Amino acid sequence: MIKRVLTTLTIAGLIAVLCTANQAYAAADLINPSFEQAADGNAQKAYGWQDFQGGYQRALLGQNGTYGIRVTKSNTAGFAGAYQRIDLNQSSIKPVLVDGYVRGSSIVNSAGGYFGAGLYAEIVLNDGTVAYWNSPPNLGTFTWRRIGFNTGVLPHVNKPISHIFVIPVVGLARGTAYFDDIHVREFEPNQSAVTLTFDDGEISTYTEARSVLDSHGFDGVTAVVSGLVGDDGYMTQTQIEALESSGWEVVSHTVSHDDLTAMSASAARRQLANSKSQLQNMGFVIKNFAFPFGAYNMALIAEGSKYYRSMRPYETGDTPQGAFTPYETKVRSVISTTSVAEVEGWLAEAKANGRWVNLVFHSIAATGDDVYHTDPAVFAEIIQAVADSGLPVVTFDKGLDMFGAPTITPAVASTPITTTQTPSTSPTQTNPTSNSNSTAQSLVTDAFANVNSILNSRGINITIGN
Ligand SMILES: [Zn+2]
């Protein structure tokens with residue numbers, strides 16, 4: 001591994017350090033995040049970025065600006081990419097967003113591989129333990145897409161962070177990937193909020209939930225299946241209009257509520273595009289989307305981002321400041337067995353840690369065909385608990401304003417780091433789209449092994465939910 005000793009601070013870097021003082025997030029960021037600056041005396045390499053194993057080349061193909069980097073692998077063994085270490089020296093736990101852009105050509109995973117092309121991080125905590133994480137695999141041939149993750153959703157990042165090795169990589173895969181505009185941003189967990197979502201556009205959203213929310217002055221969110229509007233058991237257009245005009249948000253939930261990962265790309269595209277246009281033709285304002293069954297993959301995310309500000313899976317948890325949208329918001333699924341005390345616990349946790357809780361309900365009814373219903377009396381108590389928490393109740397779109405990562409690009413910042421430390425020679429892979437990230441470390445040996453064969457054959461993950 002090449003030892004990195006950088007001693008020069010450029011004029012551009014110095015100016016950037018001075019300019020980042022007023023950012024909402026901490027000033028720390030990677031140096032030369034867009035690869036525009038060549039390494040001293042070597043135009044093939046980017047200043048501040050080291051070779052990771054098979055290495056990289058600076059390339060005249062940038063997502064933004066002139067340059068990016070190119071990583072090519074001719075076989076599926078091993079790893080190739082770039083890396084940079086960023087020192088955060090946190091004294092308390094703060095969420096950190098790691099994001100960037102990738103485009104790919106014929107990326108194919110190995111049989112046991114999960115990296116594809118993506119961002120991999122080795123997150124060194126202040127007690128010396130290392131937490132590993134990687135973005136979901138990007139496979140096949142695709143144009144620029146935004147990728148990343150927020151350490152605030154990783155339960156195994158449970159101590160302040162000392163430093164992070166950020167590694168754009170093609171791992172255990174072959175093909176050519178380009179990377180650009182890779183940033184690291186640390187956020188202050190200084191606000192909390194609750195969103196009340198009702199999935200599927202069922203009639204009980206109007207007949208049961210509405211009056212309870214009204215009595216507290218809360219606005220909810222309804223995730224509507226466009227093809228089911230007005231069907232037996234579902235709200236009519238007029239009823240949904242009444243919700244929206246009183247302050248509710250209407251979210252698209254496809255045309256037919258089928259699993260998008262189980263259909264052709266063109267069929268999935270029609271579901272994404274047509275549900276939005278159909279709901280808009282009814283007069284609704286549609287900004288966001290929710291995946292049926294929480295089932296998604298990176299190709300769907302990339303396609304859906306043409307139509308939606310965000311796309312919500314069904315993964316358990318709450319959402320930190322600087323969440324990597326569109327796919328990293330979490331849900332707290334309220335089902336028939338969910339107790340009021342459980343919800344109170346979620347609210348208290350969010351309040352203590354500066355988090356956003358999205359409580360997702362389905363039918364509000366005493367009985368149901370499955371667990372996706374909440375007894376009306378319990379529902380009233382849950383909404384009372386929300387009121388008692390004192391947390392602001394916001395629509396999903398407002399929640400994104402409060403907790404989503406800003407779209408602005410931070411300036412280049414930070415002085416070059418002099419270090420002899422390097423990332424692991426054997427990266428540890430994780431399945432980030434699993435629904436069981438409460439045990440993220442064990443995913444490597446546990447959940448990953450279970451779903452690996454499916455993932456490799458289809459490049460997807462299906463999470464539990466509705
Ligand atoms: Zn649904």
# chains A, B, ... in the order shown; residues from 1 in each chain; ligands from 1

call {"tool": "residues_near_ligand", "arguments": {"ligand": "ligand 1", "cutoff": "7 Å", "atoms": "only C-alpha atoms and all ligand atoms", "output": "ChimeraX atom specification"}}
result
/A:199-200,253,257,292-293,466

call {"tool": "select_by_dssp", "arguments": {"residues": "stretch 122-326 of chain A", "states": "helix (DSSP H, G or I)", "output": "count of residues only"}}
result
59

call {"tool": "residues_around", "arguments": {"residues": "A:Ala43", "least_positions_apart": "4", "cutoff": "10 Å", "atoms": "only C-alpha atoms", "output": "PyMOL selection string"}}
result
chain A and resi 37-39+47+57-59

call {"tool": "write_last_selection", "arguments": {"atoms": "N, CA and C atoms", "output": "PDB file, in the first residue's frame"}}
result
ATOM      1  N   GLN A  37      -8.288  18.456  -9.484  1.00  0.00           N
ATOM      2  CA  GLN A  37      -6.878  18.791  -9.311  1.00  0.00           C
ATOM      3  C   GLN A  37      -6.016  17.536  -9.453  1.00  0.00           C
ATOM      4  N   ALA A  38      -5.023  17.601 -10.311  1.00  0.00           N
ATOM      5  CA  ALA A  38      -4.119  16.462 -10.500  1.00  0.00           C
ATOM      6  C   ALA A  38      -3.138  16.377  -9.344  1.00  0.00           C
ATOM      7  N   ALA A  39      -2.673  15.157  -9.109  1.00  0.00           N
ATOM      8  CA  ALA A  39      -1.607  14.985  -8.125  1.00  0.00           C
ATOM      9  C   ALA A  39      -0.358  15.697  -8.624  1.00  0.00           C
ATOM     10  N   TYR A  47      -5.073  14.645  -6.881  1.00  0.00           N
ATOM     11  CA  TYR A  47      -4.476  15.124  -5.646  1.00  0.00           C
ATOM     12  C   TYR A  47      -5.313  14.667  -4.443  1.00  0.00           C
ATOM     13  N   GLN A  57      -7.621   5.601 -12.405  1.00  0.00           N
ATOM     14  CA  GLN A  57      -7.028   6.600 -13.290  1.00  0.00           C
ATOM     15  C   GLN A  57      -7.921   7.832 -13.281  1.00  0.00           C
ATOM     16  N   ARG A  58      -7.299   8.992 -13.294  1.00  0.00           N
ATOM     17  CA  ARG A  58      -8.086  10.208 -13.467  1.00  0.00           C
ATOM     18  C   ARG A  58      -8.610  10.215 -14.904  1.00  0.00           C
ATOM     19  N   ALA A  59      -9.872  10.649 -15.093  1.00  0.00           N
ATOM     20  CA  ALA A  59     -10.500  10.511 -16.409  1.00  0.00           C
ATOM     21  C   ALA A  59     -11.241  11.780 -16.806  1.00  0.00           C
TER      22      ALA A  59
END

call {"tool": "closest_residue", "arguments": {"among": "A:Ala46, A:Ala173, A:Ala262, A:Ala290", "to": "A:Ser110", "atoms": "only C-alpha atoms"}}
result
A:Ala173

call {"tool": "atom_distance", "arguments": {"atom1": "atom CA of A:Glu344", "atom2": "atom CA of A:Ala295"}}
result
27.8 Å
